[in-house]
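J.: What follows is coords.cif, mmCIF, C-alpha atoms.
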```
data_data
#
loop_
_atom_site.label_atom_id
_atom_site.label_comp_id
_atom_site.auth_asym_id
_atom_site.auth_seq_id
_atom_site.Cartn_x
_atom_site.Cartn_y
_atom_site.Cartn_z
CA MET P 127 92.86 104.81 86.12
CA GLN P 128 91.54 105.30 82.59
CA PRO P 129 92.51 108.49 80.77
CA ILE P 130 89.83 111.12 80.48
CA THR P 131 88.11 111.45 77.11
CA ILE P 132 86.73 114.75 75.85
CA TYR P 133 83.25 113.22 75.73
CA GLU P 134 83.26 112.42 79.46
CA ILE P 135 84.01 115.97 80.57
CA PRO P 136 80.91 117.54 82.19
CA GLU P 137 78.97 120.11 80.21
CA ASP P 138 79.59 122.98 82.65
CA ILE P 139 83.35 122.47 82.28
CA HIS P 140 82.99 122.44 78.49
CA ASP P 141 81.09 125.72 78.76
CA GLU P 142 83.88 127.22 80.89
CA VAL P 143 86.80 126.29 78.62
CA GLY P 144 85.20 126.50 75.17
CA THR P 145 86.17 124.21 72.32
CA ILE P 146 88.84 121.71 73.41
CA TYR P 147 91.70 121.39 70.92
CA THR P 148 94.10 118.96 72.62
CA ILE P 149 94.20 116.75 75.71
CA CYS P 150 97.28 115.08 77.18
CA PHE P 151 98.09 113.16 80.34
CA PRO P 152 101.03 114.05 82.59
CA LYS P 153 102.61 111.71 85.09
CA GLN P 154 100.19 111.51 87.99
CA GLY P 155 99.40 109.89 91.31
CA HIS P 156 97.14 106.94 91.99
CA THR P 157 94.09 108.75 93.32
CA SER P 158 92.93 110.72 90.28
CA ASP P 159 92.92 111.02 86.52
CA VAL P 160 94.70 114.22 85.49
CA ALA P 161 94.67 115.83 82.07
CA ILE P 162 96.07 119.03 80.58
CA ILE P 163 93.71 120.51 78.02
CA GLU P 164 94.26 123.28 75.50
CA ALA P 165 90.98 124.96 74.70
CA LYS P 166 89.53 128.09 73.19
CA HIS P 167 89.75 130.04 76.44
CA GLY P 168 93.17 128.80 77.60
CA THR P 169 95.13 125.89 79.02
CA TYR P 170 93.76 124.07 82.06
CA ILE P 171 94.24 121.12 84.39
CA ILE P 172 91.32 118.73 84.80
CA LYS P 173 91.16 116.25 87.67
CA ARG P 174 88.65 113.43 87.88
CA VAL P 175 88.17 111.07 90.80
CA LYS P 176 85.85 108.15 91.44
CA GLY P 177 84.58 106.62 94.66
CA GLU P 178 83.37 108.05 97.96
CA LEU P 179 86.79 108.61 99.55
CA PHE P 180 88.43 110.35 96.60
CA CYS P 181 85.35 112.43 95.81
CA ALA P 182 85.35 113.70 99.40
CA GLN P 183 89.05 114.56 99.09
CA LEU P 184 88.58 116.50 95.85
CA ALA P 185 85.63 118.35 97.37
CA LYS P 186 87.87 119.33 100.31
CA GLU P 187 90.57 120.50 97.92
CA ALA P 188 88.07 122.64 96.01
CA LYS P 189 86.86 124.15 99.28
CA ALA P 190 90.42 124.93 100.41
CA LEU P 191 91.34 126.55 97.09
CA MET P 192 88.20 128.65 97.15
CA TYR P 193 88.77 129.99 100.68
CA LEU P 194 92.51 130.52 100.16
CA SER P 195 92.08 132.30 96.81
CA SER P 196 92.34 135.74 98.41
CA THR P 197 95.68 134.99 100.09
CA ALA P 198 99.15 135.57 98.64
CA LEU P 199 99.94 131.83 98.57
CA PRO P 200 101.05 130.38 95.19
CA ILE P 201 98.06 128.13 94.64
CA PRO P 202 96.14 127.27 91.46
CA THR P 203 92.88 129.01 90.68
CA LEU P 204 89.82 126.76 90.91
CA TYR P 205 87.50 127.50 87.98
CA ARG P 206 84.90 124.77 88.40
CA PHE P 207 84.05 121.91 90.75
CA HIS P 208 81.54 119.34 89.52
CA GLU P 209 80.15 116.43 91.52
CA THR P 210 77.62 113.86 90.33
CA LYS P 211 74.38 113.60 92.29
CA ASN P 212 75.32 110.25 93.78
CA LYS P 213 78.74 111.68 94.75
CA LYS P 214 80.52 108.75 93.11
CA GLU P 215 82.46 110.92 90.64
CA ALA P 216 83.87 114.44 90.93
CA TRP P 217 85.74 116.83 88.64
CA ALA P 218 87.82 119.95 89.19
CA LEU P 219 88.91 122.47 86.56
CA LEU P 220 92.10 124.19 87.67
CA GLU P 221 94.67 126.70 86.53
CA ASP P 222 97.62 125.12 84.74
CA ILE P 223 100.72 126.35 86.58
CA GLU P 224 103.65 125.82 84.26
CA GLY P 225 106.50 124.00 85.97
CA GLU P 226 107.81 120.65 87.21
CA THR P 227 107.61 119.09 90.64
CA LEU P 228 110.34 119.86 93.13
CA ARG P 229 111.12 116.14 93.17
CA GLN P 230 111.81 116.20 89.43
CA ALA P 231 113.88 119.37 89.71
CA LEU P 232 116.01 118.01 92.56
CA GLU P 233 116.52 114.61 90.92
CA LYS P 234 118.16 116.13 87.88
CA GLU P 235 119.96 119.12 89.44
CA THR P 236 123.71 118.51 89.61
CA ASN P 237 124.70 121.96 90.86
CA GLU P 238 124.79 121.67 94.66
CA ALA P 239 124.28 125.38 95.27
CA LYS P 240 121.12 125.37 93.14
CA ARG P 241 119.85 122.26 94.95
CA GLN P 242 120.34 123.91 98.31
CA ASP P 243 118.64 127.08 97.12
CA MET P 244 115.54 125.15 96.03
CA ILE P 245 115.42 123.32 99.36
CA PHE P 246 115.77 126.64 101.22
CA CYS P 247 112.86 128.06 99.20
CA PHE P 248 110.87 124.90 99.95
CA GLY P 249 111.21 125.74 103.64
CA GLU P 250 110.36 129.38 102.98
CA VAL P 251 107.10 128.58 101.24
CA LEU P 252 106.05 126.31 104.11
CA SER P 253 106.69 129.18 106.50
CA LYS P 254 104.43 131.38 104.33
CA ILE P 255 101.68 128.76 104.52
CA HIS P 256 101.95 128.42 108.30
CA SER P 257 101.97 132.20 108.81
CA THR P 258 98.88 132.74 106.64
CA PRO P 259 95.74 133.16 108.77
CA CYS P 260 93.52 130.10 108.42
CA PRO P 261 90.09 130.90 106.98
CA ARG P 262 87.45 130.04 109.56
CA GLU P 263 85.72 127.82 107.00
CA LEU P 264 88.74 125.48 107.07
CA ILE P 265 88.83 125.13 110.86
CA GLY P 266 87.40 121.78 112.01
CA GLN P 267 85.00 121.29 114.89
CA LYS P 268 87.46 119.03 116.74
CA PRO P 269 91.16 119.41 117.48
CA TRP P 270 93.09 118.39 114.36
CA LEU P 271 94.93 115.42 115.88
CA ASP P 272 91.73 114.00 117.38
CA GLU P 273 90.09 114.16 113.97
CA MET P 274 93.11 112.63 112.21
CA LEU P 275 93.29 109.71 114.63
CA GLU P 276 89.56 109.07 114.13
CA LYS P 277 90.07 109.12 110.36
CA ALA P 278 93.08 106.82 110.72
CA ALA P 279 90.92 104.29 112.59
CA TYR P 280 88.23 104.52 109.90
CA HIS P 281 90.73 104.14 107.07
CA LEU P 282 92.29 101.14 108.81
CA THR P 283 88.99 99.25 108.79
CA HIS P 284 87.59 100.47 105.46
CA TYR P 285 90.56 100.90 103.11
CA HIS P 286 93.97 99.47 102.35
CA VAL P 287 96.56 101.48 104.31
CA ASP P 288 100.17 100.93 105.30
CA GLY P 289 99.43 101.47 109.00
CA THR P 290 98.50 98.70 111.44
CA ALA P 291 96.25 98.41 114.48
CA GLU P 292 99.35 98.25 116.67
CA LEU P 293 100.74 101.45 115.19
CA LEU P 294 97.44 103.26 115.61
CA ASP P 295 97.25 102.17 119.25
CA ALA P 296 100.75 103.54 119.82
CA LEU P 297 99.85 106.86 118.15
CA ILE P 298 96.78 107.23 120.37
CA LYS P 299 98.69 106.42 123.57
CA LYS P 300 101.79 108.53 122.93
CA ARG P 301 100.83 111.83 121.37
CA PRO P 302 103.42 114.58 120.91
CA ALA P 303 103.31 117.60 123.19
CA PRO P 304 100.75 120.13 121.91
CA CYS P 305 101.85 123.07 119.78
CA PRO P 306 99.92 126.08 118.46
CA PRO P 307 97.88 125.12 115.37
CA THR P 308 98.25 126.98 112.08
CA LEU P 309 96.99 126.75 108.54
CA ILE P 310 98.57 123.58 107.17
CA HIS P 311 98.74 122.04 103.70
CA GLY P 312 98.29 118.48 104.94
CA ASP P 313 100.42 116.76 102.27
CA PHE P 314 103.42 119.06 101.93
CA THR P 315 105.80 116.89 99.91
CA ILE P 316 108.26 117.57 97.10
CA ASP P 317 105.64 116.11 94.73
CA ASN P 318 103.14 118.85 95.55
CA VAL P 319 105.39 121.86 95.00
CA LEU P 320 106.03 123.16 91.48
CA VAL P 321 109.27 124.75 90.30
CA ARG P 322 110.17 126.78 87.23
CA ASP P 323 113.69 128.07 86.53
CA GLY P 324 114.69 127.12 90.05
CA ASN P 325 111.88 129.14 91.67
CA ILE P 326 108.84 127.78 93.46
CA VAL P 327 105.77 128.81 91.47
CA GLY P 328 102.97 126.66 92.88
CA VAL P 329 101.72 124.48 95.72
CA ILE P 330 99.08 121.96 94.62
CA ASP P 331 96.85 119.19 96.04
CA TRP P 332 95.19 121.00 98.95
CA SER P 333 92.75 118.31 100.08
CA GLY P 334 94.39 118.32 103.52
CA GLY P 335 94.32 122.11 103.89
CA THR P 336 93.01 122.88 107.38
CA PHE P 337 93.85 124.28 110.83
CA GLY P 338 96.27 121.75 112.24
CA ASP P 339 99.69 120.82 113.56
CA PRO P 340 102.45 122.49 111.52
CA ARG P 341 104.89 119.73 112.50
CA TYR P 342 102.94 117.34 110.27
CA ASP P 343 103.76 119.43 107.20
CA ALA P 344 107.40 119.76 108.23
CA ALA P 345 107.75 116.01 108.81
CA LEU P 346 106.32 115.11 105.40
CA ALA P 347 108.47 117.75 103.72
CA ILE P 348 111.76 116.18 104.85
CA ARG P 349 111.01 112.53 104.12
CA PRO P 350 114.05 111.12 102.23
CA LYS P 351 113.69 110.84 98.45
CA PRO P 352 116.23 110.35 95.63
CA ASN P 353 118.60 113.34 95.72
CA ALA P 354 116.51 115.01 98.42
CA PHE P 355 116.76 114.85 102.21
CA GLN P 356 119.03 111.82 102.17
CA ARG P 357 121.61 113.97 103.94
CA GLU P 358 121.29 115.91 107.17
CA SER P 359 122.54 119.04 105.38
CA ASP P 360 119.31 119.17 103.33
CA VAL P 361 117.23 119.09 106.51
CA ILE P 362 119.31 121.91 108.02
CA VAL P 363 118.90 124.08 104.91
CA PHE P 364 115.15 123.40 104.80
CA PHE P 365 114.65 124.59 108.37
CA GLU P 366 116.86 127.62 107.72
CA GLY P 367 114.37 128.55 105.01
CA TYR P 368 111.48 127.70 107.31
CA GLY P 369 112.93 130.02 109.95
CA GLN P 370 112.48 127.75 112.96
CA GLU P 371 114.33 125.01 114.81
CA PRO P 372 114.04 121.53 113.24
CA ILE P 373 111.37 119.23 114.57
CA THR P 374 112.65 116.50 116.89
CA LYS P 375 113.33 112.92 115.82
CA ASP P 376 110.34 111.75 117.88
CA GLU P 377 108.06 114.31 116.21
CA TYR P 378 109.29 113.23 112.79
CA GLU P 379 108.65 109.57 113.57
CA TYR P 380 105.17 110.25 114.95
CA PHE P 381 103.98 112.18 111.93
CA ALA P 382 105.97 110.88 108.93
CA ASN P 383 106.37 107.23 109.87
CA GLY P 384 103.28 107.01 112.04
CA LEU P 385 100.18 109.08 111.31
CA TYR P 386 100.95 109.42 107.57
CA GLU P 387 100.83 105.61 107.21
CA PHE P 388 97.03 105.82 107.38
CA PHE P 389 96.56 108.46 104.66
#
```
Written as structure tokens, how would this file's structure read?

T.:
Amino acid sequence: MQPITIYEIPEDIHDEVGTIYTICFPKQGHTSDVAIIEAKHGTYIIKRVKGELFCAQLAKEAKALMYLSSTALPIPTLYRFHETKNKKEAWALLEDIEGETLRQALEKETNEAKRQDMIFCFGEVLSKIHSTPCPRELIGQKPWLDEMLEKAAYHLTHYHVDGTAELLDALIKKRPAPCPPTLIHGDFTIDNVLVRDGNIVGVIDWSGGTFGDPRYDAALAIRPKPNAFQRESDVIVFFEGYGQEPITKDEYEYFANGLYEFF
């Protein structure tokens, strides 16, 4: 991805932020260009994506942020969403929530009690998400898992994914027992939760926000990472914060090492 230049930023975003003084580029994922800008009216995050798939994802994120803006969830404010007429490029202007990712915080934290406290809070914030009523605008027309399996099949034939045809066939044939759907984040990982001074201050990247299976969020949350969830004690503390029994090994495998391979 090429860094964003001031001259590429759409006019309506320029109008929103005023004169741009500085632009810098934080560490980011592979699906978007991300910049932090300091401007006349404040400090902001700008995201730019290109291509049909990523534009659709950013549009979904903008929709989720808009409909969840009246909740008490710690999400960034969406100021502007801009999409080109051919829908090949999209931009979002977002609140800059000061902090670092939970992954970064856990990687460098050497105090075990503080580590465990952050993991407990990680579970707590997921519980808050799942207990928040899902706006009707985010509820799909089909059951969530049906829709996800259809998308997985499409992604398998149209994009490069880690999943295989054999894995998809197994996921279709052996679904987990149903559970009551809730509002879910859809990509609840330690990279999408922001921490400041040991406290969770933001949950970002809401393109998967919808009415779905809460076990999917829980499974992605506890995937092992450096200095996080490599020990069973971290999983126990997370679910203590979450306030429910841990998901089963089979549920974890289905969602984290199965369905997620296509997204």

J.: Please report the interatomic distance between atom CA of Asp288 of chain P and atom CA of Phe388 of chain P in Å with one decimal.

T.: 6.2 Å

J.: Need the shell around segment 301-308 of chain P: protein/DNA/RNA residues with any atom at most 9 Å away, counting only C-alpha atoms. Skip same-chain ones fewer than 3 positions apart. Format as a PDB file with C-alpha atoms, in the frame of the given file?

T.:
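The resulting file, part07.pdb, is shown below:
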```pdb
ATOM      1  CA  ILE P 255     101.680 128.760 104.520  1.00  0.00           C
ATOM      2  CA  HIS P 256     101.950 128.420 108.300  1.00  0.00           C
ATOM      3  CA  SER P 257     101.970 132.200 108.810  1.00  0.00           C
ATOM      4  CA  THR P 258      98.880 132.740 106.640  1.00  0.00           C
ATOM      5  CA  PRO P 259      95.740 133.160 108.770  1.00  0.00           C
ATOM      6  CA  CYS P 260      93.520 130.100 108.420  1.00  0.00           C
ATOM      7  CA  TRP P 270      93.090 118.390 114.360  1.00  0.00           C
ATOM      8  CA  LEU P 271      94.930 115.420 115.880  1.00  0.00           C
ATOM      9  CA  ALA P 296     100.750 103.540 119.820  1.00  0.00           C
ATOM     10  CA  LEU P 297      99.850 106.860 118.150  1.00  0.00           C
ATOM     11  CA  ILE P 298      96.780 107.230 120.370  1.00  0.00           C
ATOM     12  CA  THR P 336      93.010 122.880 107.380  1.00  0.00           C
ATOM     13  CA  PHE P 337      93.850 124.280 110.830  1.00  0.00           C
ATOM     14  CA  GLY P 338      96.270 121.750 112.240  1.00  0.00           C
ATOM     15  CA  ASP P 339      99.690 120.820 113.560  1.00  0.00           C
ATOM     16  CA  PRO P 340     102.450 122.490 111.520  1.00  0.00           C
ATOM     17  CA  ARG P 341     104.890 119.730 112.500  1.00  0.00           C
ATOM     18  CA  ASP P 376     110.340 111.750 117.880  1.00  0.00           C
ATOM     19  CA  GLU P 377     108.060 114.310 116.210  1.00  0.00           C
ATOM     20  CA  TYR P 380     105.170 110.250 114.950  1.00  0.00           C
TER      21      TYR P 380
END
```

J.: Residues within 9 Å of Ile348 of chain P, please, as a list of chain:residue names. Count all atoms listed in the file; anything in the same chain fewer than 2 positions from it doesn't count.

T.: P:Thr315, P:Ile316, P:Asp343, P:Ala344, P:Ala345, P:Leu346, P:Pro350, P:Lys351, P:Ala354, P:Phe355, P:Gln356, P:Asp360, P:Val361, P:Phe364, P:Tyr378, P:Ala382

J.: Would you work out the distance separating atom CA of Gly334 of chain P from atom CA of Leu385 of chain P, expressed in Å to one decimal?

T.: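 We find that atom CA of Gly334 of chain P and atom CA of Leu385 of chain P lie 13.4 Å from each other.
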
J.: Written as a ChimeraX atom specification, what is the full residue list that the PyMOL selection byres ((chain P and resi 203) around 10) yields on the file shown?

T.: /P:170,188,191-192,194-195,200-202,204-206,219-223

J.: Those residues with C-alpha atoms, as an mmCIF file, in the coordinates of the input please?

T.:
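Produced file again-v3.cif, reproduced below:
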```
data_model
loop_
_atom_site.group_PDB
_atom_site.id
_atom_site.type_symbol
_atom_site.label_atom_id
_atom_site.label_comp_id
_atom_site.auth_asym_id
_atom_site.auth_seq_id
_atom_site.Cartn_x
_atom_site.Cartn_y
_atom_site.Cartn_z
ATOM 1 C CA TYR P 170 93.760 124.070 82.060
ATOM 2 C CA ALA P 188 88.070 122.640 96.010
ATOM 3 C CA LEU P 191 91.340 126.550 97.090
ATOM 4 C CA MET P 192 88.200 128.650 97.150
ATOM 5 C CA LEU P 194 92.510 130.520 100.160
ATOM 6 C CA SER P 195 92.080 132.300 96.810
ATOM 7 C CA PRO P 200 101.050 130.380 95.190
ATOM 8 C CA ILE P 201 98.060 128.130 94.640
ATOM 9 C CA PRO P 202 96.140 127.270 91.460
ATOM 10 C CA LEU P 204 89.820 126.760 90.910
ATOM 11 C CA TYR P 205 87.500 127.500 87.980
ATOM 12 C CA ARG P 206 84.900 124.770 88.400
ATOM 13 C CA LEU P 219 88.910 122.470 86.560
ATOM 14 C CA LEU P 220 92.100 124.190 87.670
ATOM 15 C CA GLU P 221 94.670 126.700 86.530
ATOM 16 C CA ASP P 222 97.620 125.120 84.740
ATOM 17 C CA ILE P 223 100.720 126.350 86.580
#
```

J.: Can you list, as a PyMOL selection string, every protein, DNA or RNA residue that comes within 7 Å of Val175 of chain P when you count all atoms listed in the file, leaving out same-chain residues fewer than 2 positions away?

T.: chain P and resi 157-159+173+177+180-181+215-217

J.: Extract, using only C-alpha atoms, all DNA, RNA and protein residues at most 10 Å from Gln230 of chain P, discarding same-chain residues fewer than 2 positions from it, and format them as number ranges by chain.

T.: P: 226-228, 232-235, 316-317, 320-321, 352-353

J.: Output C-alpha atoms of each residue in that selection to a file, as a compact mmCIF listing (two decimals), in the coordinates of the input.

T.:
```txt
# COMPACT_ATOMS: atom_id res chain seq x y z
CA GLU P 226 107.81 120.65 87.21
CA THR P 227 107.61 119.09 90.64
CA LEU P 228 110.34 119.86 93.13
CA LEU P 232 116.01 118.01 92.56
CA GLU P 233 116.52 114.61 90.92
CA LYS P 234 118.16 116.13 87.88
CA GLU P 235 119.96 119.12 89.44
CA ILE P 316 108.26 117.57 97.10
CA ASP P 317 105.64 116.11 94.73
CA LEU P 320 106.03 123.16 91.48
CA VAL P 321 109.27 124.75 90.30
CA PRO P 352 116.23 110.35 95.63
CA ASN P 353 118.60 113.34 95.72
```

J.: Go ahead and compute the interatomic distance for atom CA of Cys247 of chain P and atom CA of Trp332 of chain P, in Å to one decimal.

T.: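 Computed distance, atom CA of Cys247 of chain P to atom CA of Trp332 of chain P, equals 19.0 Å.
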
J.: Tell me which protein, DNA and RNA residues are within 10 Å of Thr131 of chain P, counting all atoms listed in the file, leaving out same-chain ones fewer than 5 positions away, and put them as a ChimeraX atom specification.

T.: /P:149-150,161

J.: Can I get the selection written as a PDB file, keeping the file's coordinate frame, with C-alpha atoms?

T.:
```
ATOM      1  CA  ILE P 149      94.200 116.750  75.710  1.00  0.00           C
ATOM      2  CA  CYS P 150      97.280 115.080  77.180  1.00  0.00           C
ATOM      3  CA  ALA P 161      94.670 115.830  82.070  1.00  0.00           C
TER       4      ALA P 161
END
```

J.: Nearest residue to Leu293 of chain P out of P:Thr374, P:Val319, P:Phe381, P:Leu264, using only C-alpha atoms?

T.: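 Nearest candidate to Leu293 of chain P out of P:Thr374, P:Val319, P:Phe381, P:Leu264: P:Phe381.
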
J.: Point out the residue among P:Ala218, P:Val160, P:Ile245, P:Ala185 with the least atom-to-atom distance to Pro136 of chain P, counting all atoms listed in the file.

T.: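 With all atoms listed in the file as the atom set, the closest residue is P:Ala218.
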
J.: Given the choices P:Lys189, P:His208, P:Lys375, P:Lys214, which gets closest to Ser333 of chain P if the distance is worked out from only C-alpha atoms?

T.: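 Among the listed residues, P:Lys189 lies closest to Ser333 of chain P.
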
J.: Edge lengths and centre, in Å to one decimal, as lines of an AutoDock Vina configuration file: that's what I need for the box along x, y and z that holds all listed atoms of segment 133-140 of chain P plus 4 Å on each side.

T.:
```
center_x = 81.5
center_y = 117.7
center_z = 79.2
size_x = 13.0
size_y = 18.6
size_z = 14.9
```

J.: Translate the PyMOL selection byres ((chain P and resi 165) around 12) into a concrete residue list for this structure, as an mmCIF file with C-alpha atoms, in the frame of the given file.

T.:
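Resulting contents of selection-v2.cif:
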```cif
data_model
loop_
_atom_site.group_PDB
_atom_site.id
_atom_site.type_symbol
_atom_site.label_atom_id
_atom_site.label_comp_id
_atom_site.auth_asym_id
_atom_site.auth_seq_id
_atom_site.Cartn_x
_atom_site.Cartn_y
_atom_site.Cartn_z
ATOM 1 C CA ILE P 132 86.730 114.750 75.850
ATOM 2 C CA ILE P 139 83.350 122.470 82.280
ATOM 3 C CA HIS P 140 82.990 122.440 78.490
ATOM 4 C CA ASP P 141 81.090 125.720 78.760
ATOM 5 C CA GLU P 142 83.880 127.220 80.890
ATOM 6 C CA VAL P 143 86.800 126.290 78.620
ATOM 7 C CA GLY P 144 85.200 126.500 75.170
ATOM 8 C CA THR P 145 86.170 124.210 72.320
ATOM 9 C CA ILE P 146 88.840 121.710 73.410
ATOM 10 C CA TYR P 147 91.700 121.390 70.920
ATOM 11 C CA THR P 148 94.100 118.960 72.620
ATOM 12 C CA ILE P 149 94.200 116.750 75.710
ATOM 13 C CA CYS P 150 97.280 115.080 77.180
ATOM 14 C CA ILE P 162 96.070 119.030 80.580
ATOM 15 C CA ILE P 163 93.710 120.510 78.020
ATOM 16 C CA GLU P 164 94.260 123.280 75.500
ATOM 17 C CA LYS P 166 89.530 128.090 73.190
ATOM 18 C CA HIS P 167 89.750 130.040 76.440
ATOM 19 C CA GLY P 168 93.170 128.800 77.600
ATOM 20 C CA THR P 169 95.130 125.890 79.020
ATOM 21 C CA TYR P 170 93.760 124.070 82.060
ATOM 22 C CA ILE P 171 94.240 121.120 84.390
ATOM 23 C CA ILE P 172 91.320 118.730 84.800
#
```
